[in-house]
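Printed here is final-v5.cif (mmCIF, C-alpha atoms and all ligand atoms):
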data_work
#
loop_
_atom_site.label_atom_id
_atom_site.label_comp_id
_atom_site.auth_asym_id
_atom_site.auth_seq_id
_atom_site.Cartn_x
_atom_site.Cartn_y
_atom_site.Cartn_z
CA MET A 266 77.15 151.70 139.62
CA LEU A 267 79.34 154.78 139.54
CA VAL A 268 82.76 155.23 141.10
CA GLU A 269 84.21 158.71 141.55
CA ARG A 270 87.87 159.07 140.84
CA SER A 271 88.26 160.68 144.29
CA GLN A 272 86.90 157.49 145.94
CA ILE A 273 89.88 155.49 144.75
CA PRO A 274 92.73 155.48 147.29
CA PRO A 275 96.35 155.78 146.10
CA GLU A 276 96.92 152.02 146.45
CA GLY A 277 93.88 151.27 144.25
CA LEU A 278 90.43 149.90 144.95
CA ASP A 279 89.22 146.30 144.72
CA LEU A 280 85.51 145.72 144.25
CA GLU A 281 83.31 142.66 144.05
CA VAL A 282 80.09 143.42 142.20
CA CYS A 283 76.96 141.46 141.44
CA GLU A 284 75.07 143.42 138.83
CA GLU A 285 71.43 142.70 138.08
CA PRO A 286 71.33 143.24 134.31
CA CYS A 287 68.32 145.56 133.94
CA TRP A 288 69.84 147.06 130.83
CA GLU A 289 67.51 148.97 128.59
CA GLY A 290 67.73 148.45 124.86
CA VAL A 291 69.57 145.14 124.88
CA GLU A 292 67.14 142.80 126.68
CA GLU A 293 65.91 141.33 123.40
CA LEU A 294 69.38 139.88 122.78
CA TRP A 295 68.71 137.08 125.26
CA LEU A 296 65.87 135.21 126.93
CA SER A 297 67.53 135.60 130.28
CA LEU A 298 70.84 136.63 131.78
CA THR A 299 71.93 135.66 135.28
CA PRO A 300 73.27 138.46 137.54
CA VAL A 301 76.74 139.41 136.36
CA GLU A 302 79.45 138.55 138.91
CA ALA A 303 82.47 140.77 138.52
CA SER A 304 85.62 141.75 140.32
CA PHE A 305 87.35 145.02 139.59
CA HIS A 306 90.67 146.54 140.40
CA LEU A 307 90.59 150.32 139.92
CA GLU A 308 93.65 152.51 139.94
CA ARG A 309 94.01 156.25 139.66
CA GLU A 310 96.08 157.35 136.75
CA VAL A 311 97.34 160.88 136.14
CA ASN A 312 94.42 161.68 133.86
CA GLY A 313 91.92 158.95 134.46
CA ILE A 314 91.20 155.54 135.92
CA LEU A 315 92.68 152.22 134.95
CA ALA A 316 90.06 149.49 135.37
CA SER A 317 90.89 145.81 135.15
CA GLY A 318 88.96 142.76 136.20
CA THR A 319 86.89 139.76 135.25
CA PHE A 320 83.21 138.98 134.92
CA SER A 321 81.02 135.93 134.47
CA THR A 322 77.37 135.33 133.73
CA THR A 323 75.17 132.89 131.84
CA ALA A 324 72.95 133.93 128.96
CA VAL A 325 70.04 131.91 127.62
CA VAL A 326 69.68 132.62 123.90
CA LEU A 327 68.00 130.98 120.94
CA CYS A 328 70.02 128.78 118.61
CA SER A 329 70.41 130.74 115.37
CA ARG A 330 69.51 127.66 113.32
CA CYS A 331 66.85 125.68 115.20
CA SER A 332 65.58 128.36 117.65
CA GLU A 333 65.92 126.06 120.67
CA PRO A 334 66.94 127.88 123.87
CA ILE A 335 70.57 127.30 124.84
CA SER A 336 72.50 128.31 127.90
CA ILE A 337 75.84 129.99 127.18
CA PRO A 338 78.36 130.75 129.94
CA LEU A 339 80.11 134.04 129.32
CA SER A 340 83.26 135.17 131.08
CA ASP A 341 86.20 137.33 130.22
CA SER A 342 88.80 139.65 131.62
CA PHE A 343 89.27 143.27 130.68
CA THR A 344 91.70 146.14 131.08
CA ILE A 345 90.43 149.56 130.15
CA LEU A 346 91.94 152.96 130.62
CA TYR A 347 89.30 155.61 131.25
CA THR A 348 90.67 158.98 130.39
CA GLU A 349 89.35 162.53 130.46
CA ALA A 350 88.01 163.74 127.12
CA SER A 351 90.84 166.25 126.67
CA GLU A 352 93.32 163.44 127.16
CA ALA A 353 91.87 161.24 124.44
CA PHE A 354 94.71 161.93 122.08
CA ARG A 355 97.30 161.03 124.66
CA ALA A 356 95.27 157.91 125.41
CA GLU A 357 95.69 156.79 121.82
CA GLU A 358 99.42 156.88 122.35
CA VAL A 359 98.99 154.81 125.48
CA GLU A 360 96.93 152.35 123.49
CA LEU A 361 99.69 151.99 120.94
CA SER A 362 102.17 151.15 123.65
CA ALA A 363 99.85 148.59 125.22
CA ALA A 364 97.91 146.92 122.46
CA GLU A 365 96.05 144.72 124.92
CA MET A 366 94.46 147.68 126.59
CA ASP A 367 91.25 149.45 125.58
CA VAL A 368 90.75 153.14 126.06
CA ASP A 369 87.47 154.90 126.77
CA ILE A 370 86.43 158.41 127.68
CA MET A 371 85.47 159.10 131.28
CA GLN A 372 82.44 161.26 132.03
CA ASP A 373 82.61 163.83 134.83
CA ASP A 374 85.56 162.18 136.60
CA ARG A 375 83.42 159.10 137.24
CA LEU A 376 83.58 155.52 136.07
CA ASP A 377 80.33 153.78 135.14
CA LEU A 378 80.88 150.13 136.10
CA THR A 379 77.42 149.17 134.86
CA LYS A 380 78.23 150.44 131.38
CA LEU A 381 81.60 148.69 131.46
CA LEU A 382 79.98 145.36 132.35
CA ARG A 383 77.22 145.78 129.77
CA GLU A 384 79.74 146.45 127.00
CA ASN A 385 81.84 143.46 127.98
CA VAL A 386 78.84 141.13 128.12
CA LEU A 387 77.70 142.31 124.67
CA LEU A 388 81.21 141.84 123.27
CA ASN A 389 81.23 138.24 124.44
CA LEU A 390 77.79 137.31 123.21
CA PRO A 391 78.05 135.06 120.12
CA LEU A 392 76.50 136.66 117.03
CA GLN A 393 75.17 133.34 115.75
CA PRO A 394 74.79 131.03 118.73
CA LEU A 395 74.46 127.34 117.96
CA CYS A 396 73.04 124.63 120.23
CA ARG A 397 75.79 122.39 118.83
CA ALA A 398 78.35 122.82 116.08
CA ASP A 399 76.47 120.55 113.68
CA CYS A 400 72.95 121.81 114.41
CA ARG A 401 70.81 120.87 111.41
CA GLY A 402 68.33 123.69 111.94
CA LEU A 403 64.73 123.81 110.80
CA CYS A 404 63.41 122.57 107.48
CA PRO A 405 62.74 125.70 105.40
CA HIS A 406 59.62 124.06 103.95
CA CYS A 407 57.73 122.46 106.84
CA GLY A 408 59.60 124.00 109.81
CA ILE A 409 60.36 120.67 111.48
CA ASN A 410 63.39 120.57 113.79
CA LEU A 411 65.83 118.44 111.79
CA ASN A 412 67.85 117.61 114.94
CA GLU A 413 64.85 115.73 116.31
CA SER A 414 63.21 114.23 113.27
CA SER A 415 63.38 114.24 109.50
CA CYS A 416 60.94 115.10 106.75
CA ARG A 417 60.71 114.41 103.07
CA CYS A 418 60.70 118.03 101.88
CA GLY A 419 64.35 117.89 100.84
CA VAL A 420 63.79 114.68 98.90
CA GLN A 421 60.76 116.06 97.07
CA ALA A 422 62.38 119.40 96.25
CA GLY A 423 65.39 117.62 94.82
CA ASP A 424 67.91 119.40 92.69
CA PRO A 425 66.37 122.68 91.46
CA ARG A 426 68.14 122.26 88.10
CA LEU A 427 66.05 119.12 87.53
CA LEU A 428 62.73 120.78 88.36
CA PRO A 429 61.77 121.41 84.71
CA LEU A 430 62.32 117.70 84.08
CA GLN A 431 60.43 116.51 87.14
CA HIS A 432 57.23 115.60 85.26
CA LEU A 433 59.33 113.34 83.06
CA LEU A 434 60.80 111.40 85.98
ZN ZN A 501 70.24 124.41 117.02
ZN ZN A 502 60.33 119.62 105.80
#
Any chance you could put this one into structure tokens?
Ligand SMILES: [Zn+2]
Ligand SMILES: [Zn+2]
Amino acid sequence: MLVERSQIPPEGLDLEVCEEPCWEGVEELWLSLTPVEASFHLEREVNGILASGTFSTTAVVLCSRCSEPISIPLSDSFTILYTEASEAFRAEEVELSAAEMDVDIMQDDRLDLTKLLRENVLLNLPLQPLCRADCRGLCPHCGINLNESSCRCGVQAGDPRLLPLQHLL
């Protein structure tokens, strides 16, 4: 979804968006992602658009240890100044004065809300999702899910330093 700078009235523009995440190139990061609900407040700045808002969605991803699907709610707020390319240097100064604010380059006087949402969803996706903090993962030998049952691989493997002595035990 694109918003032209000229579409934003002087008092700003509030938008409620429900974005179906048909985002090429990132689909393999999750099993599923519910439509992204977002609210935006857009304001015209001298040389760009100031976009702030919140989003929420739920991603189903695989636990990085046991590979079980887990549902992870994602939500966050954002404030981003979109500036014209020639104003990028000035934008860095703005960023210094408002450390909380991100700065991005605006293309053709338009703001791509889809791209903004995609970036924010990706930023909030855990790199190593866990089904629970103490997930025991899969046995590296037999592949059994150690959260659900146990195996004797660990016992048999024992301490690798003792392996040369194992026939003596
Ligand atoms: Zn797990
Ligand atoms: Zn095992």
Taking all atoms listed in the file into account, which of A:Ala324, A:Met371, A:Ile335, A:Val282 comes nearest A:Trp295?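 Closest candidate: A:Ala324.
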Nearest candidate to A:Val291 (options A:Asp367, A:Glu413, A:Asp399, A:Glu384; using only C-alpha atoms):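 The answer is A:Glu384, which sits nearest to A:Val291.
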List the spatial neighbours of stretch 302-304 of chain A as a PyMOL selection string - criterion: any atom at most 6 Å away, only C-alpha atoms, same-chain residues fewer than 2 positions off excluded. chain A and resi 280-283+318-321
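The residue set within 10 Å of A:Val268, counting all atoms listed in the file and dropping same-chain residues fewer than 2 places from it, reads Met266, Arg270, Ser271, Gln272, Ile273, Leu307, Ile314, Asp374, Arg375, Leu376, Asp377 and Leu378 of chain A.
Computed from the coordinates, the atom CA of A:Pro391 to atom CA of A:Ser317 distance equals 22.5 Å.
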Counting all atoms listed in the file, what are the residues, protein, DNA or RNA alike, that approach ligand ZN 501 (chain A) to within 8 Å? I want them as JSON, numbers by chain. {"A": [327, 328, 329, 330, 331, 332, 333, 395, 396, 397, 400, 401, 402, 412]}
Between atom CA of A:Tyr347 and atom CA of A:Val368 - distance in Å to one decimal: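 Those two atoms sit 5.9 Å apart.
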Check every protein, DNA and RNA residue against ligand ZN 502 (chain A), keep those with an atom at most 10 Å away (counting only C-alpha atoms and all ligand atoms), and present them as JSON, numbers by chain. {"A": [403, 404, 405, 406, 407, 408, 409, 410, 411, 414, 415, 416, 417, 418, 419, 420, 421, 422]}
Closest to A:Asn312 among A:Leu388, A:Cys287, A:Ile370, A:Leu296, using all atoms listed in the file?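 Among the listed residues, A:Ile370 lies closest to A:Asn312.
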Enter the distance from atom CA of A:Leu392 to atom CA of A:Trp288, in Å, rounded to one decimal.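 For atom CA of A:Leu392 relative to atom CA of A:Trp288, the distance reads 18.5 Å.
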Residues at most 7 Å from A:Ser336, counting only C-alpha atoms, excluding those fewer than 4 positions away in the same chain, as a list in words?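 My list of contacting residues is Thr323, Ala324, Val325 and Val326 of chain A.
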Quick one: of A:Val311, A:Thr322, A:Pro394, A:Ala316, who's nearest to A:Glu349, counting all atoms listed in the file? A:Val311
For A:Asn389, which residue out of A:Glu293, A:Asp373, A:Glu276, A:Asp341 is the nearest one, using all atoms listed in the file?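 Using all atoms listed in the file, the shortest distance to A:Asn389 belongs to A:Asp341.
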Mind working out the centre and edge lengths of an axis-aligned box for stretch 283-300 of chain A, all listed atoms inside, 3 Å added to each side, rounded to one decimal in Å and written as lines of an AutoDock Vina configuration file?
center_x = 71.4
center_y = 142.1
center_z = 132.1
size_x = 17.1
size_y = 19.8
size_z = 24.7
Which is closer to A:Glu292 than all the others in A:Thr344, A:Ala398, A:Leu387, A:Leu339, using only C-alpha atoms? A:Leu387
